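Visitor: Structure supplied as structure09.cif; contents: mmCIF, C-alpha atoms.
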data_coords
#
loop_
_atom_site.label_atom_id
_atom_site.label_comp_id
_atom_site.auth_asym_id
_atom_site.auth_seq_id
_atom_site.Cartn_x
_atom_site.Cartn_y
_atom_site.Cartn_z
CA MET N 1 0.00 0.00 0.00
CA ILE N 2 0.97 3.67 -0.18
CA VAL N 3 0.35 6.51 2.28
CA VAL N 4 -0.13 10.07 1.03
CA ASP N 5 -0.38 12.94 3.52
CA ASP N 6 1.27 16.35 3.56
CA SER N 7 1.82 15.95 7.32
CA GLU N 8 4.93 13.89 8.06
CA CYS N 9 3.69 13.10 11.57
CA SER N 10 0.40 11.76 10.20
CA ARG N 11 2.22 9.59 7.67
CA GLU N 12 4.52 8.15 10.31
CA LEU N 13 1.62 7.40 12.66
CA LEU N 14 -0.35 5.52 10.02
CA GLN N 15 2.75 3.61 8.94
CA GLN N 16 3.19 2.47 12.53
CA TYR N 17 -0.34 1.10 12.53
CA CYS N 18 0.27 -0.58 9.17
CA GLY N 19 3.22 -2.38 10.74
CA GLY N 20 0.79 -4.08 13.11
CA VAL N 21 -1.30 -5.60 10.32
CA ALA N 22 0.01 -8.85 8.90
CA GLU N 23 0.66 -8.99 5.15
CA LEU N 24 0.20 -5.23 4.77
CA GLU N 25 3.37 -3.53 3.58
CA VAL N 26 3.86 0.18 2.94
CA SER N 27 5.78 0.44 -0.33
CA GLY N 28 5.61 4.23 -0.64
CA SER N 29 5.06 7.25 1.61
CA PHE N 30 4.49 10.67 0.07
CA GLY N 31 3.87 14.21 1.24
CA ASP N 32 3.16 15.38 -2.31
CA PRO N 33 0.16 13.89 -4.16
CA LEU N 34 1.79 14.53 -7.54
CA ALA N 35 4.82 12.50 -6.45
CA ALA N 36 2.49 9.67 -5.44
CA LEU N 37 0.82 9.82 -8.85
CA ARG N 38 4.19 9.62 -10.63
CA TYR N 39 5.17 6.65 -8.46
CA ALA N 40 1.91 4.91 -9.32
CA GLN N 41 2.69 4.95 -13.04
CA ASP N 42 5.32 2.21 -12.66
CA ASN N 43 4.72 0.72 -9.21
CA PRO N 44 1.46 -1.18 -8.68
CA PHE N 45 -0.14 -1.39 -5.23
CA GLU N 46 -3.46 -2.58 -3.84
CA VAL N 47 -4.30 -0.03 -1.10
CA ALA N 48 -3.92 3.75 -0.87
CA ALA N 49 -4.43 5.75 2.34
CA LEU N 50 -4.99 9.37 1.27
CA ASP N 51 -5.27 12.55 3.26
CA VAL N 52 -8.20 14.56 1.87
CA MET N 53 -6.95 18.13 2.39
CA MET N 54 -3.61 18.53 0.59
CA PRO N 55 -2.16 21.42 -1.41
CA GLY N 56 -2.20 21.12 -5.20
CA MET N 57 -4.50 18.11 -5.40
CA ASN N 58 -6.90 16.89 -2.72
CA GLY N 59 -7.18 13.24 -1.77
CA VAL N 60 -10.48 12.66 -3.56
CA GLU N 61 -9.03 13.93 -6.84
CA LEU N 62 -5.94 11.78 -6.33
CA GLY N 63 -8.12 8.78 -5.55
CA LYS N 64 -9.97 9.21 -8.86
CA LYS N 65 -6.70 9.37 -10.81
CA LEU N 66 -5.28 6.33 -9.03
CA ARG N 67 -8.48 4.40 -9.76
CA GLU N 68 -7.99 5.14 -13.45
CA LEU N 69 -4.65 3.32 -13.20
CA TYR N 70 -5.87 0.56 -10.88
CA PRO N 71 -9.68 0.11 -11.04
CA GLY N 72 -9.66 -2.38 -8.16
CA LEU N 73 -7.66 -0.12 -5.83
CA VAL N 74 -8.84 -0.10 -2.21
CA LEU N 75 -9.03 3.46 -0.85
CA ILE N 76 -8.84 4.75 2.72
CA PHE N 77 -9.42 8.48 3.25
CA VAL N 78 -7.84 10.22 6.23
CA THR N 79 -9.00 13.71 7.14
CA ALA N 80 -9.86 16.17 9.89
CA SER N 81 -13.16 17.05 8.20
CA LYS N 82 -16.32 15.20 7.15
CA GLU N 83 -16.80 17.63 4.28
CA PHE N 84 -15.81 15.15 1.58
CA ALA N 85 -17.55 12.09 3.03
CA PHE N 86 -20.12 11.89 0.22
CA GLU N 87 -17.49 12.27 -2.54
CA ALA N 88 -15.33 9.65 -0.84
CA TYR N 89 -18.23 7.23 -0.63
CA GLN N 90 -18.95 7.67 -4.35
CA LEU N 91 -15.48 6.24 -4.93
CA GLU N 92 -16.51 3.30 -2.74
CA ALA N 93 -13.76 3.94 -0.23
CA SER N 94 -13.31 1.08 2.22
CA GLY N 95 -12.58 3.39 5.14
CA TYR N 96 -12.80 7.01 6.30
CA LEU N 97 -10.53 7.83 9.25
CA LEU N 98 -11.42 11.09 10.97
CA LYS N 99 -8.47 12.74 12.73
CA PRO N 100 -7.65 12.31 15.51
CA TYR N 101 -8.34 8.57 15.30
CA ASP N 102 -7.25 5.90 17.76
CA ALA N 103 -5.52 2.56 17.22
CA GLN N 104 -8.77 0.60 17.24
CA LYS N 105 -10.23 2.62 14.37
CA ALA N 106 -6.98 2.54 12.42
CA TYR N 107 -6.61 -1.23 12.70
CA ALA N 108 -10.27 -1.77 11.78
CA ALA N 109 -9.86 0.31 8.60
CA LEU N 110 -6.59 -1.39 7.65
CA GLU N 111 -7.90 -4.89 8.29
CA ARG N 112 -10.97 -4.18 6.19
CA ALA N 113 -8.78 -2.87 3.37
CA LYS N 114 -6.63 -5.97 3.52
CA ARG N 115 -9.67 -8.25 3.30
CA LEU N 116 -10.87 -6.42 0.21
CA CYS N 117 -7.55 -6.80 -1.62
CA GLY N 118 -7.77 -9.24 -4.46
CA GLY N 119 -11.49 -9.82 -3.99
CA PRO N 120 -13.64 -10.09 -7.09
CA ALA N 121 -14.94 -6.61 -7.86
CA LYS N 122 -18.50 -6.38 -9.12
CA ARG N 123 -18.73 -4.72 -12.52
CA VAL N 124 -21.98 -2.88 -11.79
CA TYR N 125 -22.32 -0.07 -9.28
CA LEU N 126 -25.75 1.50 -8.73
CA ARG N 127 -25.78 4.98 -7.21
CA THR N 128 -29.08 5.98 -5.65
CA PHE N 129 -27.96 8.80 -3.34
CA GLY N 130 -29.02 11.98 -5.14
CA HIS N 131 -29.76 11.17 -8.78
CA PHE N 132 -29.92 7.55 -9.92
CA ASP N 133 -27.07 6.35 -12.11
CA MET N 134 -25.55 3.04 -13.14
CA PHE N 135 -21.83 2.48 -13.66
CA VAL N 136 -20.24 -0.44 -15.50
CA ASP N 137 -16.53 -0.89 -14.87
CA GLY N 138 -16.49 2.60 -13.39
CA LYS N 139 -18.08 4.30 -16.39
CA PRO N 140 -21.67 5.66 -16.47
CA LEU N 141 -24.12 3.74 -18.64
CA CYS N 142 -26.11 5.82 -21.13
CA PHE N 143 -29.65 4.51 -21.56
CA SER N 144 -31.60 4.60 -24.82
CA ARG N 145 -34.67 5.97 -23.05
CA GLN N 146 -35.28 7.74 -19.75
CA LYS N 147 -38.14 5.34 -19.04
CA SER N 148 -35.78 2.41 -19.52
CA LYS N 149 -33.53 3.92 -16.86
CA GLU N 150 -36.51 4.53 -14.59
CA ILE N 151 -37.67 0.92 -14.89
CA LEU N 152 -34.24 -0.20 -13.70
CA ALA N 153 -34.35 2.36 -10.87
CA TYR N 154 -37.74 1.01 -9.77
CA LEU N 155 -36.40 -2.56 -9.72
CA VAL N 156 -33.37 -1.40 -7.71
CA ASP N 157 -35.75 0.17 -5.21
CA ARG N 158 -37.54 -3.20 -4.91
CA ARG N 159 -34.25 -4.72 -3.62
CA GLY N 160 -34.50 -7.89 -5.66
CA GLY N 161 -38.21 -8.37 -5.08
CA LEU N 162 -40.30 -9.32 -8.09
CA ALA N 163 -42.43 -6.55 -9.60
CA THR N 164 -45.32 -7.24 -11.92
CA VAL N 165 -45.82 -5.31 -15.12
CA ASP N 166 -48.96 -3.76 -13.62
CA GLN N 167 -47.00 -2.53 -10.59
CA ILE N 168 -44.29 -0.99 -12.77
CA VAL N 169 -46.82 0.71 -15.03
CA ALA N 170 -48.82 2.06 -12.08
CA ALA N 171 -45.66 3.58 -10.52
CA LEU N 172 -44.00 5.00 -13.64
CA TRP N 173 -47.10 6.07 -15.59
CA GLU N 174 -49.17 7.01 -12.55
CA ASP N 175 -51.47 9.49 -14.32
CA ARG N 176 -51.85 7.37 -17.46
CA ALA N 177 -51.87 3.82 -16.13
CA GLY N 178 -55.37 3.18 -17.48
CA GLU N 179 -54.60 4.22 -21.04
CA ALA N 180 -54.39 1.45 -23.60
CA CYS N 181 -51.17 2.73 -25.15
CA VAL N 182 -49.21 2.78 -21.87
CA ARG N 183 -48.51 -0.95 -21.83
CA ALA N 184 -47.00 -0.64 -25.30
CA CYS N 185 -44.79 2.20 -24.00
CA TYR N 186 -43.67 -0.04 -21.17
CA GLN N 187 -42.87 -2.94 -23.51
CA THR N 188 -40.72 -0.68 -25.70
CA ALA N 189 -38.89 0.80 -22.72
CA PHE N 190 -38.22 -2.61 -21.16
CA LYS N 191 -37.00 -4.04 -24.45
CA ASP N 192 -34.56 -1.14 -24.76
CA LEU N 193 -33.45 -1.61 -21.15
CA ARG N 194 -32.61 -5.24 -21.81
CA ARG N 195 -30.71 -4.26 -24.94
CA ASP N 196 -28.78 -1.50 -23.12
CA LEU N 197 -27.66 -3.93 -20.43
CA GLU N 198 -26.72 -6.65 -22.89
CA ARG N 199 -24.67 -4.21 -24.95
CA ALA N 200 -22.79 -3.27 -21.77
CA GLY N 201 -22.19 -6.96 -21.10
CA VAL N 202 -24.20 -7.02 -17.86
CA GLY N 203 -27.55 -8.40 -18.99
CA GLU N 204 -27.37 -11.01 -16.25
CA ILE N 205 -28.34 -8.47 -13.57
CA LEU N 206 -31.89 -8.47 -14.96
CA VAL N 207 -34.26 -11.22 -13.83
CA SER N 208 -37.29 -11.56 -16.07
CA ASN N 209 -40.14 -13.90 -16.79
CA ARG N 210 -43.30 -13.20 -18.70
CA ASN N 211 -44.96 -10.91 -16.18
CA GLN N 212 -42.45 -10.36 -13.37
CA LYS N 213 -39.19 -8.44 -13.28
CA ALA N 214 -36.38 -8.01 -10.75
CA ILE N 215 -32.66 -7.44 -10.50
CA ASP N 216 -30.09 -9.84 -9.12
CA ILE N 217 -28.88 -7.96 -6.05
CA ASP N 218 -25.92 -10.32 -5.63
CA ALA N 219 -24.54 -9.18 -9.00
CA VAL N 220 -24.34 -5.48 -8.15
CA ASP N 221 -22.93 -3.00 -5.65
CA CYS N 222 -25.36 -0.34 -4.46
CA ASP N 223 -25.10 2.47 -1.91
CA TYR N 224 -28.74 1.97 -0.87
CA TYR N 225 -28.25 -1.72 -0.13
CA LYS N 226 -25.19 -0.95 1.98
CA LEU N 227 -27.16 1.62 3.94
CA LEU N 228 -29.91 -0.92 4.62
CA ALA N 229 -27.27 -3.37 5.82
CA GLY N 230 -26.18 -0.79 8.40
CA ASP N 231 -22.88 0.07 6.73
CA ARG N 232 -21.52 3.03 8.71
CA HIS N 233 -19.90 4.68 5.72
CA ALA N 234 -23.12 4.53 3.70
CA LEU N 235 -25.15 5.92 6.59
CA GLU N 236 -22.78 8.83 7.06
CA ALA N 237 -22.53 9.52 3.31
CA PHE N 238 -26.29 9.64 2.72
CA PRO N 239 -26.96 13.28 1.71
CA GLY N 240 -30.69 13.25 2.49
CA GLN N 241 -31.63 12.69 -1.15
CA TYR N 242 -32.52 9.44 -2.87
CA MET N 243 -33.40 8.99 -6.55
CA THR N 244 -34.53 12.58 -6.67
CA ASP N 245 -35.97 12.37 -10.19
CA TYR N 246 -38.71 9.90 -9.23
CA SER N 247 -41.71 10.72 -7.06
CA TRP N 248 -42.41 7.04 -6.31
CA ALA N 249 -39.01 6.93 -4.49
CA GLU N 250 -40.04 9.45 -1.81
CA PRO N 251 -41.06 6.83 0.82
CA THR N 252 -37.68 5.14 0.49
CA ALA N 253 -35.94 8.51 0.80
CA ALA N 254 -37.77 9.12 4.07
CA HIS N 255 -36.81 5.66 5.34
CA CYS N 256 -33.13 6.25 4.48
CA ALA N 257 -33.21 9.61 6.25
CA ALA N 258 -34.72 8.00 9.35
CA MET N 259 -32.02 5.31 9.37
CA ARG N 260 -29.30 7.96 9.13
CA GLU N 261 -30.81 9.97 11.99
CA SER N 262 -31.03 6.86 14.11
CA HIS N 263 -27.37 6.12 13.37
CA ILE N 264 -26.24 9.64 14.25
CA HIS N 265 -28.22 9.89 17.48
CA GLY N 266 -28.16 6.23 18.43
#
Mind turning the file's structure into structure tokens?

Guide:
Amino acid sequence: MIVVDDSECSRELLQQYCGGVAELEVSGSFGDPLAALRYAQDNPFEVAALDVMMPGMNGVELGKKLRELYPGLVLIFVTASKEFAFEAYQLEASGYLLKPYDAQKAYAALERAKRLCGGPAKRVYLRTFGHFDMFVDGKPLCFSRQKSKEILAYLVDRRGGLATVDQIVAALWEDRAGEACVRACYQTAFKDLRRDLERAGVGEILVSNRNQKAIDIDAVDCDYYKLLAGDRHALEAFPGQYMTDYSWAEPTAAHCAAMRESHIHG
């Protein structure tokens, strides 16, 4: 792993903790993020612990550039501020150490990072906090139709539960559900959704029979699912907004907000 922090004391402290974790070796320590980026060009590593607030390039920006070189890189953010928690979570950071942190928190973050090294990364990431988007291999998927994207969003909200065609139509075409042409609109949108996913090479995430649809939740990563599982990082990163483009998602947004409040005050 590498450690990047403009504070020498902070780097030395984290390196001491790294020394207490078996099979975790610090191969590079940098006070300058640009130096770390140059090192990364020719020296592969599996974990990067990055200070967020650094001159020239902040840790989140550095994390994005390092992920371009190593898509499976495990990131730990170290900072004195929670300001970038949401941005850090969008990069699926494994840990977020808030200074001053103690040995227990440091070891927990480092052990988690070690466990994630070499694990099979899921190709699909579904972001529901704020606007809904789907990423395949780290790149956003462009959908043929907005309704195709919304059908997928609705199935994500169902958390793997089967949804009938009537349920999907009633939610997405609420004011027109009784019109004869709406079912044809749905069929076209769903057909395009299937084609979009197959073109991206991830058609297997869609579960479909004649009248029931779902997604395979084991084939995807999703911030909402992590929040429901009680993941601390997801709870703290939730910005109070969930699938903001869709009115049918408002009850879930309220539930997520309640879970976050319970976590903060619990």

Visitor: So that I can see what lies close to Met134 in chain N, please list as a PDB file with C-alpha atoms, in the coordinates of the input the residues with an atom at most 8 Å from it, counting only C-alpha atoms and leaving out residues fewer than 5 positions away in the same chain.

Guide:
ATOM      1  CA  VAL N 124     -21.980  -2.880 -11.790  1.00  0.00           C
ATOM      2  CA  TYR N 125     -22.320  -0.070  -9.280  1.00  0.00           C
ATOM      3  CA  LEU N 126     -25.750   1.500  -8.730  1.00  0.00           C
ATOM      4  CA  ARG N 127     -25.780   4.980  -7.210  1.00  0.00           C
ATOM      5  CA  PRO N 140     -21.670   5.660 -16.470  1.00  0.00           C
ATOM      6  CA  LEU N 141     -24.120   3.740 -18.640  1.00  0.00           C
TER       7      LEU N 141
END

Visitor: Between CA of His233 in chain N and CA of Ala254 in chain N, what distance in Å does the model show, to one decimal?

Guide: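 Spanning CA of His233 in chain N to CA of Ala254 in chain N is a straight-line distance of 18.5 Å.
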
Visitor: Run the PyMOL selection byres ((chain N and resi 183-191) around 8) mentally over the shown coordinates, then write out the matched residues as an mmCIF file with C-alpha atoms, in the frame of the given file, using the chain letters and numbers from the document.

Guide:
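Output file expr10.cif follows:
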data_model
loop_
_atom_site.group_PDB
_atom_site.id
_atom_site.type_symbol
_atom_site.label_atom_id
_atom_site.label_comp_id
_atom_site.auth_asym_id
_atom_site.auth_seq_id
_atom_site.Cartn_x
_atom_site.Cartn_y
_atom_site.Cartn_z
ATOM 1 C CA ARG N 145 -34.670 5.970 -23.050
ATOM 2 C CA LYS N 147 -38.140 5.340 -19.040
ATOM 3 C CA SER N 148 -35.780 2.410 -19.520
ATOM 4 C CA ILE N 151 -37.670 0.920 -14.890
ATOM 5 C CA VAL N 169 -46.820 0.710 -15.030
ATOM 6 C CA ALA N 180 -54.390 1.450 -23.600
ATOM 7 C CA CYS N 181 -51.170 2.730 -25.150
ATOM 8 C CA VAL N 182 -49.210 2.780 -21.870
ATOM 9 C CA ASP N 192 -34.560 -1.140 -24.760
ATOM 10 C CA LEU N 193 -33.450 -1.610 -21.150
ATOM 11 C CA ARG N 194 -32.610 -5.240 -21.810
ATOM 12 C CA ARG N 195 -30.710 -4.260 -24.940
#

Visitor: So how many Å separate CA of Arg158 in chain N and CA of His255 in chain N, to one decimal?

Guide: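 According to the coordinates, CA of Arg158 in chain N and CA of His255 in chain N are separated by 13.6 Å.
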
Visitor: I'd like the residues picked by the PyMOL selection byres ((chain N and resi 240) around 10) written out as a list of chain:residue names, using the chain letters and numbers from the file.

Guide: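 Written out, the selection comes to N:Phe129, N:Gly130, N:Ala237, N:Phe238, N:Pro239, N:Gln241, N:Tyr242, N:Thr244, N:Ala253, N:Ala254, N:Cys256, N:Ala257, N:Ala258, N:Arg260.
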
Visitor: Please provide as a VMD selection string all residues within 12 Å of Tyr154 in chain N, with the sequence filter that same-chain residues fewer than 6 positions apart are discarded (counting only C-alpha atoms).

Guide: chain N and resid 128 132 147 to 148 160 to 165 167 to 172 190 213 to 215 243 245 to 250 252

Visitor: Just write the chosen residues, C-alpha atoms, as a PDB file, in the frame of the given file.

Guide:
ATOM      1  CA  THR N 128     -29.080   5.980  -5.650  1.00  0.00           C
ATOM      2  CA  PHE N 132     -29.920   7.550  -9.920  1.00  0.00           C
ATOM      3  CA  LYS N 147     -38.140   5.340 -19.040  1.00  0.00           C
ATOM      4  CA  SER N 148     -35.780   2.410 -19.520  1.00  0.00           C
ATOM      5  CA  GLY N 160     -34.500  -7.890  -5.660  1.00  0.00           C
ATOM      6  CA  GLY N 161     -38.210  -8.370  -5.080  1.00  0.00           C
ATOM      7  CA  LEU N 162     -40.300  -9.320  -8.090  1.00  0.00           C
ATOM      8  CA  ALA N 163     -42.430  -6.550  -9.600  1.00  0.00           C
ATOM      9  CA  THR N 164     -45.320  -7.240 -11.920  1.00  0.00           C
ATOM     10  CA  VAL N 165     -45.820  -5.310 -15.120  1.00  0.00           C
ATOM     11  CA  GLN N 167     -47.000  -2.530 -10.590  1.00  0.00           C
ATOM     12  CA  ILE N 168     -44.290  -0.990 -12.770  1.00  0.00           C
ATOM     13  CA  VAL N 169     -46.820   0.710 -15.030  1.00  0.00           C
ATOM     14  CA  ALA N 170     -48.820   2.060 -12.080  1.00  0.00           C
ATOM     15  CA  ALA N 171     -45.660   3.580 -10.520  1.00  0.00           C
ATOM     16  CA  LEU N 172     -44.000   5.000 -13.640  1.00  0.00           C
ATOM     17  CA  PHE N 190     -38.220  -2.610 -21.160  1.00  0.00           C
ATOM     18  CA  LYS N 213     -39.190  -8.440 -13.280  1.00  0.00           C
ATOM     19  CA  ALA N 214     -36.380  -8.010 -10.750  1.00  0.00           C
ATOM     20  CA  ILE N 215     -32.660  -7.440 -10.500  1.00  0.00           C
ATOM     21  CA  MET N 243     -33.400   8.990  -6.550  1.00  0.00           C
ATOM     22  CA  ASP N 245     -35.970  12.370 -10.190  1.00  0.00           C
ATOM     23  CA  TYR N 246     -38.710   9.900  -9.230  1.00  0.00           C
ATOM     24  CA  SER N 247     -41.710  10.720  -7.060  1.00  0.00           C
ATOM     25  CA  TRP N 248     -42.410   7.040  -6.310  1.00  0.00           C
ATOM     26  CA  ALA N 249     -39.010   6.930  -4.490  1.00  0.00           C
ATOM     27  CA  GLU N 250     -40.040   9.450  -1.810  1.00  0.00           C
ATOM     28  CA  THR N 252     -37.680   5.140   0.490  1.00  0.00           C
TER      29      THR N 252
END

Visitor: Please, which residues are within 12 Å of (5.1, 0.0, -9.9) by the file's coordinates, counting only C-alpha atoms, and could they come as a short mmCIF file (atom, residue, chain, number, x, y, z; two decimals) with C-alpha atoms, keeping the file's coordinate frame?

Guide:
data_model
loop_
_atom_site.label_atom_id
_atom_site.label_comp_id
_atom_site.auth_asym_id
_atom_site.auth_seq_id
_atom_site.Cartn_x
_atom_site.Cartn_y
_atom_site.Cartn_z
CA MET N 1 0.00 0.00 0.00
CA ILE N 2 0.97 3.67 -0.18
CA SER N 27 5.78 0.44 -0.33
CA GLY N 28 5.61 4.23 -0.64
CA ALA N 36 2.49 9.67 -5.44
CA LEU N 37 0.82 9.82 -8.85
CA ARG N 38 4.19 9.62 -10.63
CA TYR N 39 5.17 6.65 -8.46
CA ALA N 40 1.91 4.91 -9.32
CA GLN N 41 2.69 4.95 -13.04
CA ASP N 42 5.32 2.21 -12.66
CA ASN N 43 4.72 0.72 -9.21
CA PRO N 44 1.46 -1.18 -8.68
CA PHE N 45 -0.14 -1.39 -5.23
CA GLU N 46 -3.46 -2.58 -3.84
CA LEU N 69 -4.65 3.32 -13.20
CA TYR N 70 -5.87 0.56 -10.88
#

Visitor: Skip Tyr107 in chain N itself and residues of its chain fewer than 3 positions away, then list as a list of chain:residue names all residues within 10 Å of it, counting all atoms listed in the file.

Guide: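 Listed by chain and then number, they are N:Leu14, N:Tyr17, N:Cys18, N:Gly20, N:Val21, N:Asp102, N:Ala103, N:Gln104, N:Leu110, N:Glu111, N:Arg112, N:Ala113.
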
Visitor: Enter the distance from CA of Ala80 in chain N to CA of Leu98 in chain N, in Å, rounded to one decimal.

Guide: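 A separation of 5.4 Å between them.
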
Visitor: Out of N:Cys117, N:Ala153, N:Cys222, N:Val78, which residue has the shortest atom-to-atom distance to Lys105 in chain N when counting all atoms listed in the file?

Guide: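 Nearest candidate to Lys105 in chain N out of N:Cys117, N:Ala153, N:Cys222, N:Val78: N:Val78.
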
Visitor: Evaluate the PyMOL selection byres ((chain N and resi 116) around 12) and record the selected residues as a JSON list (two decimals) with C-alpha atoms, in the frame of the given file, following the chain and residue labels used in the document.

Guide:
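File written: result33.json
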[["chain", "number", "residue", "atom", "x", "y", "z"],
["N", 46, "GLU", "CA", -3.46, -2.58, -3.84],
["N", 47, "VAL", "CA", -4.30, -0.03, -1.10],
["N", 72, "GLY", "CA", -9.66, -2.38, -8.16],
["N", 73, "LEU", "CA", -7.66, -0.12, -5.83],
["N", 74, "VAL", "CA", -8.84, -0.10, -2.21],
["N", 75, "LEU", "CA", -9.03, 3.46, -0.85],
["N", 76, "ILE", "CA", -8.84, 4.75, 2.72],
["N", 92, "GLU", "CA", -16.51, 3.30, -2.74],
["N", 93, "ALA", "CA", -13.76, 3.94, -0.23],
["N", 94, "SER", "CA", -13.31, 1.08, 2.22],
["N", 95, "GLY", "CA", -12.58, 3.39, 5.14],
["N", 109, "ALA", "CA", -9.86, 0.31, 8.60],
["N", 110, "LEU", "CA", -6.59, -1.39, 7.65],
["N", 111, "GLU", "CA", -7.90, -4.89, 8.29],
["N", 112, "ARG", "CA", -10.97, -4.18, 6.19],
["N", 113, "ALA", "CA", -8.78, -2.87, 3.37],
["N", 114, "LYS", "CA", -6.63, -5.97, 3.52],
["N", 115, "ARG", "CA", -9.67, -8.25, 3.30],
["N", 117, "CYS", "CA", -7.55, -6.80, -1.62],
["N", 118, "GLY", "CA", -7.77, -9.24, -4.46],
["N", 119, "GLY", "CA", -11.49, -9.82, -3.99],
["N", 120, "PRO", "CA", -13.64, -10.09, -7.09],
["N", 121, "ALA", "CA", -14.94, -6.61, -7.86]]

Visitor: Excluding range 57-61 of chain N and any residue of its chain fewer than 3 positions from it, enumerate the residues within 8 Å of it, using only C-alpha atoms, and give them as a PyMOL selection string.

Guide: chain N and resi 33-34+50-54+64-65+77+84+87-88

Visitor: Restore N, CA and C atoms in range 211-230 of chain N and list the result as a PDB file, in the frame of the given file.

Guide:
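After the write, result_22.pdb holds the following:
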ATOM      1  N   ASN N 211     -44.225 -12.010 -16.783  1.00  0.00           N
ATOM      2  CA  ASN N 211     -44.960 -10.910 -16.180  1.00  0.00           C
ATOM      3  C   ASN N 211     -44.322 -10.362 -14.915  1.00  0.00           C
ATOM      4  N   GLN N 212     -43.114 -10.810 -14.593  1.00  0.00           N
ATOM      5  CA  GLN N 212     -42.450 -10.360 -13.370  1.00  0.00           C
ATOM      6  C   GLN N 212     -40.999 -10.011 -13.659  1.00  0.00           C
ATOM      7  N   LYS N 213     -40.542  -8.924 -13.044  1.00  0.00           N
ATOM      8  CA  LYS N 213     -39.190  -8.440 -13.280  1.00  0.00           C
ATOM      9  C   LYS N 213     -38.498  -8.173 -11.939  1.00  0.00           C
ATOM     10  N   ALA N 214     -37.173  -8.287 -11.957  1.00  0.00           N
ATOM     11  CA  ALA N 214     -36.380  -8.010 -10.750  1.00  0.00           C
ATOM     12  C   ALA N 214     -34.934  -7.817 -11.188  1.00  0.00           C
ATOM     13  N   ILE N 215     -34.094  -7.425 -10.232  1.00  0.00           N
ATOM     14  CA  ILE N 215     -32.660  -7.440 -10.500  1.00  0.00           C
ATOM     15  C   ILE N 215     -32.002  -8.425  -9.534  1.00  0.00           C
ATOM     16  N   ASP N 216     -30.872  -8.939  -9.958  1.00  0.00           N
ATOM     17  CA  ASP N 216     -30.090  -9.840  -9.120  1.00  0.00           C
ATOM     18  C   ASP N 216     -29.216  -9.001  -8.205  1.00  0.00           C
ATOM     19  N   ILE N 217     -29.606  -8.855  -6.960  1.00  0.00           N
ATOM     20  CA  ILE N 217     -28.880  -7.960  -6.050  1.00  0.00           C
ATOM     21  C   ILE N 217     -27.488  -8.482  -5.708  1.00  0.00           C
ATOM     22  N   ASP N 218     -27.245  -9.774  -5.913  1.00  0.00           N
ATOM     23  CA  ASP N 218     -25.920 -10.320  -5.630  1.00  0.00           C
ATOM     24  C   ASP N 218     -24.924  -9.991  -6.733  1.00  0.00           C
ATOM     25  N   ALA N 219     -25.414  -9.481  -7.861  1.00  0.00           N
ATOM     26  CA  ALA N 219     -24.540  -9.180  -9.000  1.00  0.00           C
ATOM     27  C   ALA N 219     -24.140  -7.715  -9.069  1.00  0.00           C
ATOM     28  N   VAL N 220     -24.585  -6.918  -8.089  1.00  0.00           N
ATOM     29  CA  VAL N 220     -24.340  -5.480  -8.150  1.00  0.00           C
ATOM     30  C   VAL N 220     -23.865  -4.947  -6.806  1.00  0.00           C
ATOM     31  N   ASP N 221     -23.202  -3.791  -6.850  1.00  0.00           N
ATOM     32  CA  ASP N 221     -22.930  -3.000  -5.650  1.00  0.00           C
ATOM     33  C   ASP N 221     -23.880  -1.808  -5.672  1.00  0.00           C
ATOM     34  N   CYS N 222     -24.378  -1.417  -4.516  1.00  0.00           N
ATOM     35  CA  CYS N 222     -25.360  -0.340  -4.460  1.00  0.00           C
ATOM     36  C   CYS N 222     -25.267   0.372  -3.114  1.00  0.00           C
ATOM     37  N   ASP N 223     -25.191   1.703  -3.148  1.00  0.00           N
ATOM     38  CA  ASP N 223     -25.100   2.470  -1.910  1.00  0.00           C
ATOM     39  C   ASP N 223     -26.322   2.268  -1.022  1.00  0.00           C
ATOM     40  N   TYR N 224     -27.501   2.160  -1.632  1.00  0.00           N
ATOM     41  CA  TYR N 224     -28.740   1.970  -0.870  1.00  0.00           C
ATOM     42  C   TYR N 224     -28.732   0.641  -0.127  1.00  0.00           C
ATOM     43  N   TYR N 225     -28.274  -0.415  -0.779  1.00  0.00           N
ATOM     44  CA  TYR N 225     -28.250  -1.720  -0.130  1.00  0.00           C
ATOM     45  C   TYR N 225     -27.262  -1.731   1.032  1.00  0.00           C
ATOM     46  N   LYS N 226     -26.157  -1.022   0.876  1.00  0.00           N
ATOM     47  CA  LYS N 226     -25.190  -0.950   1.980  1.00  0.00           C
ATOM     48  C   LYS N 226     -25.767  -0.178   3.155  1.00  0.00           C
ATOM     49  N   LEU N 227     -26.514   0.873   2.871  1.00  0.00           N
ATOM     50  CA  LEU N 227     -27.160   1.620   3.940  1.00  0.00           C
ATOM     51  C   LEU N 227     -28.138   0.739   4.699  1.00  0.00           C
ATOM     52  N   LEU N 228     -28.937  -0.036   3.972  1.00  0.00           N
ATOM     53  CA  LEU N 228     -29.910  -0.920   4.620  1.00  0.00           C
ATOM     54  C   LEU N 228     -29.222  -1.986   5.473  1.00  0.00           C
ATOM     55  N   ALA N 229     -28.015  -2.366   5.063  1.00  0.00           N
ATOM     56  CA  ALA N 229     -27.270  -3.370   5.820  1.00  0.00           C
ATOM     57  C   ALA N 229     -26.596  -2.776   7.055  1.00  0.00           C
ATOM     58  N   GLY N 230     -26.754  -1.443   7.234  1.00  0.00           N
ATOM     59  CA  GLY N 230     -26.180  -0.790   8.400  1.00  0.00           C
ATOM     60  C   GLY N 230     -24.734  -0.375   8.230  1.00  0.00           C
TER      61      GLY N 230
END
